[in-house]
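Structure file input-v2.txt with compact mmCIF, C-alpha atoms and all ligand atoms:
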# COMPACT_ATOMS: atom_id res chain seq x y z
CA MET A 1 -28.71 19.82 -61.78
CA ILE A 2 -25.99 20.57 -59.23
CA PRO A 3 -24.38 23.99 -59.72
CA VAL A 4 -20.87 24.81 -58.53
CA THR A 5 -22.24 27.46 -56.19
CA LYS A 6 -25.60 28.77 -55.06
CA PRO A 7 -26.29 32.10 -53.37
CA PHE A 8 -27.82 31.94 -49.91
CA THR A 9 -31.31 33.44 -49.90
CA PRO A 10 -32.90 34.17 -46.51
CA PRO A 11 -36.63 33.77 -45.70
CA ILE A 12 -38.29 36.37 -47.91
CA GLN A 13 -40.48 37.80 -45.11
CA GLU A 14 -37.39 38.91 -43.20
CA TYR A 15 -36.20 40.84 -46.23
CA GLN A 16 -39.66 42.28 -46.85
CA GLU A 17 -39.82 43.62 -43.29
CA LEU A 18 -36.70 45.68 -43.91
CA LEU A 19 -38.06 46.81 -47.28
CA SER A 20 -41.15 48.23 -45.54
CA GLY A 21 -38.84 50.45 -43.52
CA ILE A 22 -37.14 51.66 -46.70
CA TRP A 23 -40.57 52.55 -48.15
CA GLN A 24 -41.58 54.42 -44.98
CA ARG A 25 -38.38 56.45 -44.85
CA ASN A 26 -38.15 56.82 -48.63
CA TRP A 27 -34.36 56.76 -48.13
CA LEU A 28 -32.96 54.46 -50.78
CA THR A 29 -29.21 55.05 -50.82
CA ASN A 30 -26.47 57.53 -49.77
CA ASN A 31 -25.28 56.18 -46.44
CA GLY A 32 -28.77 55.39 -45.13
CA PRO A 33 -29.73 53.84 -41.78
CA LEU A 34 -29.54 50.23 -43.05
CA VAL A 35 -26.05 50.76 -44.45
CA ASN A 36 -25.00 52.15 -41.08
CA ASP A 37 -26.71 49.32 -39.25
CA LEU A 38 -25.00 46.69 -41.42
CA GLU A 39 -21.60 48.32 -40.90
CA LEU A 40 -22.19 48.26 -37.15
CA ARG A 41 -23.28 44.61 -37.14
CA LEU A 42 -20.34 43.56 -39.30
CA LYS A 43 -17.88 45.34 -37.01
CA ARG A 44 -19.42 43.55 -34.04
CA PHE A 45 -19.37 40.16 -35.78
CA LEU A 46 -15.78 40.56 -36.96
CA GLY A 47 -14.56 42.15 -33.72
CA ILE A 48 -13.03 45.20 -35.39
CA PRO A 49 -13.39 48.98 -34.96
CA HIS A 50 -13.54 50.13 -38.61
CA LEU A 51 -14.94 49.10 -41.95
CA LEU A 52 -16.34 50.83 -45.03
CA LEU A 53 -19.10 49.18 -47.02
CA VAL A 54 -18.55 49.69 -50.77
CA THR A 55 -20.30 48.96 -54.07
CA ASN A 56 -18.29 45.81 -54.75
CA GLY A 57 -14.89 44.28 -54.09
CA THR A 58 -13.41 45.51 -57.35
CA ILE A 59 -14.14 49.16 -56.61
CA GLY A 60 -12.72 48.43 -53.15
CA ILE A 61 -9.35 47.34 -54.59
CA GLN A 62 -9.30 50.39 -56.86
CA ILE A 63 -10.06 52.76 -53.97
CA ALA A 64 -7.33 51.09 -51.89
CA LEU A 65 -4.71 51.57 -54.63
CA LYS A 66 -5.81 55.17 -55.16
CA ALA A 67 -5.92 56.05 -51.45
CA LEU A 68 -2.43 54.61 -50.90
CA GLY A 69 -1.13 56.71 -53.80
CA ILE A 70 0.08 53.71 -55.79
CA THR A 71 1.05 54.69 -59.35
CA GLY A 72 3.93 52.34 -60.22
CA LYS A 73 4.57 48.61 -60.04
CA VAL A 74 2.50 46.30 -57.89
CA ILE A 75 3.77 42.82 -57.13
CA THR A 76 0.79 40.50 -57.24
CA THR A 77 -0.36 36.91 -57.56
CA PRO A 78 -1.14 35.30 -60.92
CA PHE A 79 -3.53 32.85 -59.25
CA SER A 80 -6.65 34.81 -58.38
CA TYR A 81 -9.84 36.15 -59.90
CA VAL A 82 -9.25 38.55 -62.81
CA ALA A 83 -10.39 41.56 -60.74
CA THR A 84 -7.17 41.41 -58.70
CA THR A 85 -5.05 42.13 -61.78
CA SER A 86 -7.51 44.19 -63.81
CA SER A 87 -7.91 46.66 -60.92
CA VAL A 88 -4.17 47.30 -60.92
CA VAL A 89 -4.16 47.96 -64.67
CA TRP A 90 -7.38 50.02 -64.44
CA GLU A 91 -5.65 52.29 -61.92
CA GLY A 92 -2.80 52.85 -64.38
CA CYS A 93 -0.36 50.74 -62.37
CA VAL A 94 1.73 47.82 -63.61
CA PRO A 95 1.16 44.30 -62.23
CA VAL A 96 4.33 42.25 -61.73
CA PHE A 97 3.60 38.60 -61.05
CA ALA A 98 5.37 36.64 -58.34
CA ASP A 99 4.65 32.94 -58.77
CA ILE A 100 2.67 31.00 -56.18
CA ASP A 101 3.55 28.43 -53.56
CA PRO A 102 2.48 25.05 -55.00
CA ASP A 103 1.19 23.88 -51.60
CA THR A 104 -0.89 26.85 -50.42
CA LEU A 105 -1.64 28.34 -53.88
CA ASN A 106 -0.92 31.78 -52.39
CA ILE A 107 1.81 34.17 -53.56
CA ASP A 108 5.23 32.70 -52.70
CA PRO A 109 7.01 35.23 -50.48
CA GLY A 110 10.34 33.73 -51.58
CA LYS A 111 9.64 34.95 -55.13
CA ILE A 112 8.81 38.56 -54.22
CA GLU A 113 12.14 40.16 -53.31
CA ASP A 114 13.89 39.46 -56.62
CA LEU A 115 11.13 41.36 -58.42
CA ILE A 116 11.43 44.55 -56.39
CA ASP A 117 12.98 47.55 -58.14
CA ARG A 118 12.82 51.32 -57.62
CA ASP A 119 9.37 51.55 -59.23
CA THR A 120 7.82 48.93 -56.95
CA GLN A 121 5.32 50.46 -54.53
CA ALA A 122 3.04 47.73 -53.28
CA ILE A 123 2.24 44.07 -52.85
CA LEU A 124 -1.32 43.00 -53.68
CA ALA A 125 -1.87 39.42 -52.55
CA THR A 126 -5.00 37.26 -52.52
CA HIS A 127 -5.81 34.95 -49.62
CA CYS A 128 -6.69 32.30 -52.15
CA PHE A 129 -9.91 30.34 -51.44
CA GLY A 130 -9.98 31.96 -47.98
CA ASN A 131 -6.61 30.47 -46.95
CA PRO A 132 -4.43 33.23 -45.45
CA CYS A 133 -1.18 34.17 -47.24
CA ALA A 134 2.21 33.86 -45.54
CA VAL A 135 1.40 37.20 -43.94
CA GLU A 136 4.41 37.49 -41.62
CA ALA A 137 6.89 36.94 -44.46
CA ILE A 138 5.03 39.43 -46.66
CA GLU A 139 4.96 41.97 -43.85
CA ASN A 140 8.75 41.60 -43.34
CA ILE A 141 9.51 42.13 -47.03
CA ALA A 142 7.16 45.11 -47.20
CA SER A 143 8.67 46.90 -44.23
CA LYS A 144 12.23 46.18 -45.39
CA HIS A 145 11.54 47.73 -48.81
CA ASN A 146 9.00 50.32 -47.70
CA LEU A 147 6.13 48.82 -49.72
CA LYS A 148 2.38 49.04 -49.06
CA VAL A 149 0.45 45.81 -48.63
CA ILE A 150 -3.09 45.29 -49.90
CA TYR A 151 -4.86 42.00 -49.35
CA ASP A 152 -7.57 40.79 -51.68
CA ALA A 153 -9.57 39.05 -48.98
CA ALA A 154 -12.63 38.48 -51.18
CA HIS A 155 -12.83 34.82 -50.10
CA CYS A 156 -12.21 35.37 -46.41
CA PHE A 157 -15.47 36.11 -44.63
CA GLY A 158 -15.34 33.99 -41.46
CA THR A 159 -11.68 32.99 -41.81
CA LEU A 160 -9.64 33.56 -38.65
CA TYR A 161 -5.87 33.72 -38.38
CA ASN A 162 -4.51 33.25 -34.86
CA GLY A 163 -8.06 33.79 -33.63
CA ASN A 164 -8.69 37.11 -35.41
CA THR A 165 -10.27 38.06 -38.70
CA VAL A 166 -7.74 38.39 -41.53
CA PHE A 167 -9.45 41.63 -42.59
CA THR A 168 -7.22 43.72 -40.30
CA LEU A 169 -4.00 42.59 -42.04
CA GLY A 170 -1.96 44.71 -44.43
CA ASP A 171 -2.30 48.46 -44.96
CA VAL A 172 -5.71 47.78 -46.50
CA SER A 173 -7.76 44.62 -46.84
CA VAL A 174 -10.64 44.35 -49.26
CA THR A 175 -13.45 41.84 -49.30
CA SER A 176 -16.36 41.10 -51.61
CA PHE A 177 -20.00 40.59 -50.68
CA HIS A 178 -20.98 39.38 -54.14
CA ALA A 179 -23.89 36.92 -54.34
CA THR A 180 -21.54 33.97 -54.92
CA LYS A 181 -19.50 34.67 -51.79
CA LEU A 182 -20.05 32.99 -48.44
CA PHE A 183 -21.65 36.12 -46.98
CA HIS A 184 -23.28 38.47 -49.46
CA THR A 185 -25.27 41.66 -50.00
CA VAL A 186 -26.14 40.69 -53.65
CA GLU A 187 -23.42 43.08 -54.84
CA GLY A 188 -21.10 44.69 -52.34
CA GLY A 189 -17.82 44.65 -50.55
CA ALA A 190 -15.86 46.28 -47.77
CA LEU A 191 -12.61 48.08 -47.10
CA PHE A 192 -10.59 47.64 -43.91
CA THR A 193 -7.66 49.58 -42.50
CA GLN A 194 -6.18 50.29 -39.08
CA ASP A 195 -4.90 53.71 -40.15
CA PRO A 196 -7.42 56.47 -39.24
CA ALA A 197 -6.12 58.95 -41.85
CA LEU A 198 -6.34 56.34 -44.60
CA LEU A 199 -9.81 55.33 -43.44
CA LYS A 200 -10.93 58.95 -43.73
CA ARG A 201 -9.44 59.32 -47.20
CA MET A 202 -11.15 56.15 -48.41
CA ALA A 203 -14.46 57.29 -46.88
CA TYR A 204 -14.26 60.52 -48.90
CA MET A 205 -13.26 58.64 -52.03
CA ARG A 206 -16.25 56.31 -51.66
CA ASN A 207 -18.61 59.29 -51.86
CA PHE A 208 -17.26 61.44 -54.76
CA GLY A 209 -14.92 63.21 -52.33
CA HIS A 210 -17.89 65.00 -50.72
CA ASP A 211 -17.01 66.84 -47.51
CA GLY A 212 -20.47 68.28 -47.00
CA PRO A 213 -22.90 69.18 -49.79
CA GLU A 214 -20.77 71.91 -51.35
CA ARG A 215 -17.21 71.00 -50.37
CA PHE A 216 -14.84 68.34 -51.63
CA SER A 217 -11.81 66.68 -50.15
CA GLY A 218 -9.87 65.28 -53.08
CA VAL A 219 -10.96 63.27 -56.10
CA GLY A 220 -13.53 60.56 -55.47
CA ILE A 221 -15.70 57.97 -57.14
CA ASN A 222 -19.13 56.48 -56.51
CA GLY A 223 -18.29 53.54 -54.27
CA LYS A 224 -21.44 53.65 -52.13
CA ASN A 225 -23.90 50.87 -51.55
CA SER A 226 -27.70 51.03 -51.23
CA GLU A 227 -30.27 50.34 -48.54
CA PHE A 228 -31.54 47.35 -50.55
CA HIS A 229 -28.11 45.73 -50.58
CA ALA A 230 -27.60 46.51 -46.90
CA ALA A 231 -30.99 44.96 -46.07
CA MET A 232 -29.90 41.69 -47.72
CA GLY A 233 -26.68 41.77 -45.72
CA ILE A 234 -28.46 42.41 -42.42
CA VAL A 235 -30.78 39.45 -42.95
CA ASN A 236 -28.04 37.13 -44.25
CA LEU A 237 -25.83 37.93 -41.28
CA ARG A 238 -28.49 36.36 -39.02
CA TYR A 239 -27.69 33.04 -40.72
CA ILE A 240 -23.90 33.28 -40.90
CA ARG A 241 -23.18 30.72 -38.15
CA GLN A 242 -25.48 28.21 -39.87
CA ILE A 243 -23.79 28.88 -43.21
CA LEU A 244 -20.27 28.45 -41.81
CA ASP A 245 -21.22 25.27 -39.91
CA ALA A 246 -22.97 23.76 -42.94
CA ARG A 247 -19.92 24.37 -45.12
CA LYS A 248 -17.61 22.75 -42.61
CA GLY A 249 -19.87 19.68 -42.54
CA ILE A 250 -19.95 19.52 -46.34
CA SER A 251 -16.19 19.88 -46.56
CA ASP A 252 -15.59 17.11 -43.98
CA GLN A 253 -18.01 14.90 -45.87
CA TYR A 254 -16.13 15.46 -49.15
CA ASP A 255 -12.86 14.61 -47.36
CA ALA A 256 -14.33 11.28 -46.28
CA LEU A 257 -16.03 10.43 -49.58
CA LEU A 258 -13.00 11.33 -51.72
CA GLU A 259 -10.40 9.60 -49.58
CA ASN A 260 -9.46 7.25 -52.44
CA LEU A 261 -9.47 9.83 -55.18
CA ARG A 262 -6.01 10.81 -56.43
CA ILE A 263 -6.21 14.52 -55.63
CA ARG A 264 -4.32 17.06 -53.62
CA LYS A 265 -5.90 19.88 -51.65
CA PRO A 266 -4.23 23.21 -50.82
CA ARG A 267 -2.39 23.21 -47.50
CA ILE A 268 -4.11 25.56 -45.09
CA GLU A 269 -1.69 27.88 -43.24
CA PRO A 270 -1.16 26.78 -39.60
CA GLY A 271 -3.05 29.02 -37.15
CA THR A 272 -6.04 29.29 -39.48
CA THR A 273 -9.68 28.69 -38.69
CA TYR A 274 -10.80 28.03 -42.25
CA ASN A 275 -14.19 29.22 -43.57
CA HIS A 276 -14.58 26.47 -46.21
CA ALA A 277 -15.43 29.03 -48.84
CA TYR A 278 -14.51 26.59 -51.64
CA TYR A 279 -13.59 22.96 -52.19
CA PRO A 280 -10.68 23.07 -54.63
CA VAL A 281 -8.96 19.86 -55.74
CA LEU A 282 -5.85 19.37 -57.84
CA PHE A 283 -5.73 16.40 -60.21
CA GLU A 284 -2.54 14.82 -61.55
CA SER A 285 -2.79 16.46 -64.94
CA GLU A 286 -4.92 18.77 -67.05
CA ALA A 287 -6.16 15.75 -69.03
CA VAL A 288 -7.49 14.10 -65.86
CA ALA A 289 -9.05 17.35 -64.60
CA LEU A 290 -10.86 17.86 -67.91
CA LYS A 291 -12.04 14.25 -67.99
CA MET A 292 -13.44 14.64 -64.46
CA LYS A 293 -15.15 17.90 -65.37
CA ALA A 294 -16.76 16.33 -68.45
CA ALA A 295 -17.87 13.22 -66.54
CA LEU A 296 -19.58 15.44 -63.95
CA GLU A 297 -21.24 17.53 -66.65
CA GLU A 298 -22.67 14.43 -68.28
CA LYS A 299 -24.68 14.01 -65.07
CA GLU A 300 -25.53 17.71 -64.86
CA VAL A 301 -23.00 18.40 -62.11
CA PHE A 302 -21.01 21.57 -62.63
CA SER A 303 -17.50 22.07 -61.34
CA ARG A 304 -15.43 25.09 -62.29
CA ARG A 305 -11.87 25.65 -63.44
CA TYR A 306 -11.19 28.26 -60.79
CA PHE A 307 -8.88 29.99 -61.37
CA TYR A 308 -8.21 29.46 -65.03
CA PRO A 309 -6.35 30.80 -66.90
CA SER A 310 -3.44 32.02 -64.82
CA LEU A 311 -3.61 35.85 -64.80
CA SER A 312 -0.06 36.15 -66.15
CA SER A 313 -1.53 35.05 -69.50
CA LEU A 314 -3.80 38.13 -69.78
CA ASP A 315 -2.86 40.04 -72.90
CA TYR A 316 -2.81 43.39 -71.09
CA THR A 317 -0.03 42.27 -68.74
CA ASN A 318 3.62 41.83 -69.58
CA GLY A 319 3.48 38.04 -69.37
CA THR A 320 5.95 37.22 -66.61
CA ALA A 321 6.65 33.47 -66.53
CA THR A 322 4.74 31.84 -63.68
CA PRO A 323 5.13 28.10 -64.26
CA VAL A 324 3.68 27.02 -60.91
CA SER A 325 0.54 29.09 -61.36
CA ASP A 326 0.16 27.92 -64.98
CA ASP A 327 0.44 24.31 -63.89
CA VAL A 328 -1.98 24.66 -60.97
CA ALA A 329 -4.51 26.57 -63.09
CA SER A 330 -4.44 23.81 -65.72
CA ARG A 331 -5.44 20.98 -63.37
CA ILE A 332 -7.54 22.51 -60.58
CA LEU A 333 -11.30 22.15 -60.21
CA CYS A 334 -13.58 23.64 -57.59
CA LEU A 335 -16.27 21.11 -56.72
CA PRO A 336 -19.85 22.18 -55.92
CA MET A 337 -19.90 23.88 -52.51
CA TYR A 338 -22.83 25.73 -50.99
CA HIS A 339 -24.81 25.82 -47.74
CA ASP A 340 -27.50 23.28 -48.69
CA LEU A 341 -25.59 20.80 -50.84
CA SER A 342 -27.07 17.47 -49.68
CA THR A 343 -25.26 14.29 -48.64
CA GLU A 344 -26.95 12.44 -51.53
CA GLU A 345 -25.62 15.03 -53.97
CA GLN A 346 -22.12 14.73 -52.52
CA GLU A 347 -22.34 10.93 -52.81
CA LEU A 348 -23.34 11.24 -56.45
CA ILE A 349 -20.40 13.59 -57.12
CA SER A 350 -17.92 11.26 -55.44
CA ARG A 351 -19.30 8.20 -57.29
CA ILE A 352 -18.81 9.94 -60.63
CA LEU A 353 -15.26 11.02 -59.77
CA LEU A 354 -14.18 7.63 -58.42
CA ARG A 355 -15.72 5.77 -61.37
CA THR A 356 -13.99 8.12 -63.81
CA GLN A 357 -10.67 7.54 -62.05
CA LYS A 358 -11.12 3.77 -62.29
CA TYR A 359 -11.69 3.85 -66.06
CA ALA A 360 -9.31 6.69 -66.84
C1 LIG B 401 -15.16 38.02 -56.21
C2 LIG B 401 -13.74 38.42 -56.23
C3 LIG B 401 -13.36 39.74 -56.50
C4 LIG B 401 -14.30 40.79 -56.99
O1 LIG B 401 -15.30 41.11 -56.09
P1 LIG B 401 -16.63 41.82 -56.66
O2 LIG B 401 -17.38 42.15 -55.41
O3 LIG B 401 -17.34 40.79 -57.49
O4 LIG B 401 -16.22 43.00 -57.43
C5 LIG B 401 -12.00 40.07 -56.41
N1 LIG B 401 -11.09 39.15 -56.08
C6 LIG B 401 -11.42 37.87 -55.83
C7 LIG B 401 -10.34 36.91 -55.45
C8 LIG B 401 -12.75 37.45 -55.92
O5 LIG B 401 -13.07 36.18 -55.72
Output the file's structure in the form of structure tokens.
Ligand SMILES: *Cc1c(COP(=O)(O)O)cnc(C)c1O
Amino acid sequence: MIPVTKPFTPPIQEYQELLSGIWQRNWLTNNGPLVNDLELRLKRFLGIPHLLLVTNGTIGIQIALKALGITGKVITTPFSYVATTSSVVWEGCVPVFADIDPDTLNIDPGKIEDLIDRDTQAILATHCFGNPCAVEAIENIASKHNLKVIYDAAHCFGTLYNGNTVFTLGDVSVTSFHATKLFHTVEGGALFTQDPALLKRMAYMRNFGHDGPERFSGVGINGKNSEFHAAMGIVNLRYIRQILDARKGISDQYDALLENLRIRKPRIEPGTTYNHAYYPVLFESEAVALKMKAALEEKEVFSRRYFYPSLSSLDYTNGTATPVSDDVASRILCLPMYHDLSTEEQELISRILLRTQKYA
């Protein structure tokens, strides 16, 4: 069986060593030493001064919206994981979908301005599959119309744009450290901002608003993460170079093996050092994509329609027409992609796809 993704698990002894420390200190959660240590190591790895570890990426997006005081309309992408849209609705805001660029699969900045009205407060865009959005264009629109920018950077660990992490972009960036992501803490995520006042507000919000044991600074939620999750992150971070290199090799290998397959891949924004978080391919039609998916499944190989359906079809949104996103969602598949996918497995996958194309 070849799954579409597989979490990285480090050598168990390394994790157990950190667990012994947790047992000795009997400090399990609430901003413990391992959480602090992981935050420090992540800042060093990413080359940034600030970051807040949180429970998961979804809570991160919700804290970002809350901390920025967003209560009205949020222009967002229909082509993302459901958490991007559901967080907006959960916070009592209204998602307004701007269709995507058919080449990059990211929000099309040319579609944003027409949607702005007096209730619009923010743009929430996903760097889809770890490929940065048209960030300069988005920044220009946001400053012209006085909008906040939040990036859902859940796919972006290890992606660089003009040599720097994309996590510093926007008013707030949010990433996920879920088990299926390239770097993970089992469950987890992080918030990033360059604004010290906003950072402070989000830090309070993450911990119920506590400002000392008996004082509170505003309304908060439980957005903390535990020592056990931090321990997994600390150990996994030791292997991050290996993970990134392995994924690049696997991606190059797919490129070579699938040269004669009639597919299109998203165009990566110039200036990007890509993290190869996913291997998405677009087939000519939904019928072909479904035939390919079924042919793979017959041999116990699992691809995923990611993202499907387009988020503009969710029944709790107002159903803006997003024809490009609908079309892309109907015929995209993410092929298996994880650190130890073998060459033999990739050859099997490509044989199945090429054979299916021949007899399609
Ligand atoms: C995984 C993911 C999320 C949610 O992150 P969690 O840590 O699972 O809550 C949000 N947006 C995108 C694009 C994701 O892929």
Who sits within 8 Å of stretch 177-191 of chain A, all atoms listed in the file, same chain under 6 positions skipped, as a list in words = Thr5, Lys6, Pro7, Phe8, Leu51, Leu52, Leu53, Val54, Thr55, Asn56, Gly57, Gly60, Ala64, Ala154, His155, Phe157, Asn225, His229, Ala230, Ala231, Met232, Gly233, Asn236, Leu237, Ile240, Ile243 and Ala277 of chain A
Residue subset to file, keeping C-alpha atoms, as a compact mmCIF listing (two decimals), in the frame of the given file:
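Written output follows (out39.txt):
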# COMPACT_ATOMS: atom_id res chain seq x y z
CA THR A 5 -22.24 27.46 -56.19
CA LYS A 6 -25.60 28.77 -55.06
CA PRO A 7 -26.29 32.10 -53.37
CA PHE A 8 -27.82 31.94 -49.91
CA LEU A 51 -14.94 49.10 -41.95
CA LEU A 52 -16.34 50.83 -45.03
CA LEU A 53 -19.10 49.18 -47.02
CA VAL A 54 -18.55 49.69 -50.77
CA THR A 55 -20.30 48.96 -54.07
CA ASN A 56 -18.29 45.81 -54.75
CA GLY A 57 -14.89 44.28 -54.09
CA GLY A 60 -12.72 48.43 -53.15
CA ALA A 64 -7.33 51.09 -51.89
CA ALA A 154 -12.63 38.48 -51.18
CA HIS A 155 -12.83 34.82 -50.10
CA PHE A 157 -15.47 36.11 -44.63
CA ASN A 225 -23.90 50.87 -51.55
CA HIS A 229 -28.11 45.73 -50.58
CA ALA A 230 -27.60 46.51 -46.90
CA ALA A 231 -30.99 44.96 -46.07
CA MET A 232 -29.90 41.69 -47.72
CA GLY A 233 -26.68 41.77 -45.72
CA ASN A 236 -28.04 37.13 -44.25
CA LEU A 237 -25.83 37.93 -41.28
CA ILE A 240 -23.90 33.28 -40.90
CA ILE A 243 -23.79 28.88 -43.21
CA ALA A 277 -15.43 29.03 -48.84
Point out the residue among A:Gln242, A:Thr273, A:Ser312, A:Ser87 with the least atom-to-atom distance to ligand LIG 401 (chain B), counting all atoms listed in the file.
->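 Looking only at the distances to ligand LIG 401 (chain B), the closest residue turns out to be A:Ser87.
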From the set A:Cys128, A:Ala134, A:Ile107, A:Ile141, which residue has the shortest atom-to-atom contact distance to ligand LIG 401 (chain B), counting only C-alpha atoms and all ligand atoms?
->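 Ranking A:Cys128, A:Ala134, A:Ile107, A:Ile141 by distance to ligand LIG 401 (chain B), first place goes to A:Cys128.
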Would you kindly return, as a list in words, each protein, DNA or RNA residue with an atom no farther than 9 Å from any atom of A:Gly218, considering only C-alpha atoms and excluding same-chain residues fewer than 5 positions away?
-> Arg201, Tyr204, Met205, Phe208, Gly209 and His210 of chain A
Residues within 12 Å of (-10.1, 42.1, -40.0), counting all atoms listed in the file, listed as a PyMOL selection string | chain A and resi 42-52+132+151+153+156-175+190-194
Distance criterion (all atoms listed in the file): nearest to ligand LIG 401 (chain B) out of A:Asn207, A:Gln253, A:Asn106, A:Ser342 |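 For ligand LIG 401 (chain B), the nearest of the candidates is A:Asn106.
Of the listed residues A:Ile150, A:Leu40, A:Val328, A:Ala321, the one whose atoms come nearest to ligand LIG 401 (chain B) is A:Ile150, with distances taken using all atoms listed in the file.
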Tell me which protein, DNA and RNA residues are within 9 Å of A:Thr71, counting only C-alpha atoms, leaving out same-chain ones fewer than 6 positions away, and put them as a ChimeraX atom specification.
-> /A:65,91-94,119,121
Test item: residues at most 9 Å from A:Pro78, all atoms listed in the file, excluding those fewer than 3 positions along its chain, as a list in words |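 My list of contacting residues is Tyr81, Val82, Thr84, Thr85, Val96, Phe97, Ala98, Asp99, Ile100, Ile107, Ser310, Leu311, Ser312, Ser313, Thr322, Ser325 and Asp326 of chain A.
A straight line drawn from atom CA of A:Lys66 to atom CA of A:Met202 is 8.7 Å long.
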Proximity to ligand LIG 401 (chain B) - best of A:Gly130, A:Pro196, A:Pro309, A:Pro266, all atoms listed in the file =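 Of all the options, A:Gly130 lies closest to ligand LIG 401 (chain B).
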Could you please determine the separation between atom CA of A:His145 and atom CA of A:Thr58 in Å, to one decimal place?
->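 Straight-line distance from atom CA of A:His145 to atom CA of A:Thr58 works out to 26.5 Å.
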Kindly provide, as a PyMOL selection string, the polymer residues lying within 9 Å of (11.6, 41.6, -60.4), counting only C-alpha atoms and using the coordinates exactly as they appear in the file.
-> chain A and resi 75+96-98+111-117+120
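Here atom CA of A:Leu244 is placed at a distance of 17.8 Å from atom CA of A:Cys334.
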Using only C-alpha atoms, determine which residues lie at most 12 Å from A:Ser303, disregarding the query and same-chain residues fewer than 6 positions distant; provide the list as a PyMOL selection string.
-> chain A and resi 1-5+278-281+289-297+332-337+349+353
Write the residues of the preceding selection, restricted to C-alpha atoms, as a PDB file, in the frame of the given file.
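What follows is the written file selection-v7.pdb:
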ATOM      1  CA  MET A   1     -28.710  19.820 -61.780  1.00  0.00           C
ATOM      2  CA  ILE A   2     -25.990  20.570 -59.230  1.00  0.00           C
ATOM      3  CA  PRO A   3     -24.380  23.990 -59.720  1.00  0.00           C
ATOM      4  CA  VAL A   4     -20.870  24.810 -58.530  1.00  0.00           C
ATOM      5  CA  THR A   5     -22.240  27.460 -56.190  1.00  0.00           C
ATOM      6  CA  TYR A 278     -14.510  26.590 -51.640  1.00  0.00           C
ATOM      7  CA  TYR A 279     -13.590  22.960 -52.190  1.00  0.00           C
ATOM      8  CA  PRO A 280     -10.680  23.070 -54.630  1.00  0.00           C
ATOM      9  CA  VAL A 281      -8.960  19.860 -55.740  1.00  0.00           C
ATOM     10  CA  ALA A 289      -9.050  17.350 -64.600  1.00  0.00           C
ATOM     11  CA  LEU A 290     -10.860  17.860 -67.910  1.00  0.00           C
ATOM     12  CA  LYS A 291     -12.040  14.250 -67.990  1.00  0.00           C
ATOM     13  CA  MET A 292     -13.440  14.640 -64.460  1.00  0.00           C
ATOM     14  CA  LYS A 293     -15.150  17.900 -65.370  1.00  0.00           C
ATOM     15  CA  ALA A 294     -16.760  16.330 -68.450  1.00  0.00           C
ATOM     16  CA  ALA A 295     -17.870  13.220 -66.540  1.00  0.00           C
ATOM     17  CA  LEU A 296     -19.580  15.440 -63.950  1.00  0.00           C
ATOM     18  CA  GLU A 297     -21.240  17.530 -66.650  1.00  0.00           C
ATOM     19  CA  ILE A 332      -7.540  22.510 -60.580  1.00  0.00           C
ATOM     20  CA  LEU A 333     -11.300  22.150 -60.210  1.00  0.00           C
ATOM     21  CA  CYS A 334     -13.580  23.640 -57.590  1.00  0.00           C
ATOM     22  CA  LEU A 335     -16.270  21.110 -56.720  1.00  0.00           C
ATOM     23  CA  PRO A 336     -19.850  22.180 -55.920  1.00  0.00           C
ATOM     24  CA  MET A 337     -19.900  23.880 -52.510  1.00  0.00           C
ATOM     25  CA  ILE A 349     -20.400  13.590 -57.120  1.00  0.00           C
ATOM     26  CA  LEU A 353     -15.260  11.020 -59.770  1.00  0.00           C
TER      27      LEU A 353
END
Which of A:Val89, A:Ile59, A:Val301, A:Val324 sits closest to ligand LIG 401 (chain B) [using all atoms listed in the file] =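 Closest to ligand LIG 401 (chain B), using all atoms listed in the file: A:Ile59.
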